[in-house]
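Engineer: Quick one: structure below, then a few questions.
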Amino acid sequence: CIDCCLTYKGMYDLMSKEHGRINSEYGWNLDNAMIFNHVDAFMERLNDVIDICESMIVFGRLDETESIPKPQFGGTSGGEFETTSARVETNFLATLSALSTDSKELILNVHKNEWYEEVIKYRRTVQSMEETVQRLVSNVFQHVCNIEEALESLNILLFYSYRNTIRKTFLRQVSNVWVMFANEIDSTSQMLMDRSKLHESWVPYYAS
C-alpha cells in the first residue's frame with residue numbers, strides 16, 4: 001500500500017513537471033500539501049500498522065511464519081529473567097488487545113484524529129517495554145561465566161534484536177562475546193605453548 005501511494009505521488013510529480021514544460025506560461029501552481037494531505041496521513045497510519053506488527057513479533061512472540069519459543073534462561077537468576085520476559089509479553093498482549101478493541105475503526109481512517117491519541121499511548125507503553133528488555137539483556141550477560149553460556153544467551157535473546165531500538169544493545173553483547181571468544185582462544189594457545197616447553201618433542205609425554 002505504501003508503495004502504491006509513493007507511486008501515485010511520483011506519477012503526480014511527473015505529470016506536473018510535464019504540464020509545466022508544455023504550458024510554461026501557466027505552470028502548475030497547486031498546493032501539493034493540501035492535495036497529498038490524506039495520502040501522507042494514510043502512509044503514516046500504515047507505518048503505524050507495520051510498527052505494531054513488528055512489536056507483535058518482538059514482545060508478543062506472535063509470528064505467522066515461525067514459532068518463537070518462550071525464553072528459558074539457565075543459572076541461579078534464570079527464573080528472575082524469565083519472569084521479566086513473561087511480564088513484558090503479558091503487558092504487551094494486554095496493550096494489543098486494548099488497541100484492537102478501542103482503535104480498530106480508527107487506525108486507517110484518516111478522517112478520524114482520535115488515532116493520534118491512541119498511538120501516543122501505545123508508543124509510550126512500548127518504549128517502557130523496550131527499556132525493560134534492554135535492562136534484561138544487560139543483566140543476563142552480567143551473569144554469564146563462559147562462552148557457552150554467552151552463546152546460549154544470545155540465541156535466547158535473538159528475537160528481541162528484531163526491534164531497532166533494542167538491536168544496538170544486543171549487538172553490543174555480540175561484540176563482547178567475540179572478545180570473550182578471542183580471549184579464550186589466546187588463553188588456550190598460550191597454555192598449549194607453555195605445555196610444549198615442558199618436554200622435548202622427541203620425549204614421550206609421560207616419560208620419567
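Numbering starts fresh at 1 for the residues of each chain in the C-alpha cells, the chains themselves are lettered A, B, ... in the order given, and ligands are numbered from 1 as they appear.
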Considering only C-alpha atoms, give me a table of residues in segment 31-74 of chain A that are at most 9 Å from segment 114-130 of chain A, with the closest atom pair and distance in Å for each, as a tab-separated table.
Structural biologist:
```
residue	atom	partner	partner_atom	distance
A:Arg45	CA	A:Trp115	CA	8.9
A:Asp48	CA	A:Val119	CA	7.9
A:Ser55	CA	A:Val126	CA	8.1
A:Phe59	CA	A:Met129	CA	8.0
```
Engineer: Between A:Ala98, A:Ser153, A:Gly74, A:Val39, which is the closest to Thr7 of chain A once you count only C-alpha atoms?
Structural biologist: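 Counting only C-alpha atoms, the residue closest to Thr7 of chain A is A:Val39.
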Engineer: For atom CA of Cys4 of chain A and atom CA of Ser100 of chain A, quote the distance in Å rounded to one decimal.
Structural biologist: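 Atom CA of Ser100 of chain A lies 25.5 Å from atom CA of Cys4 of chain A.
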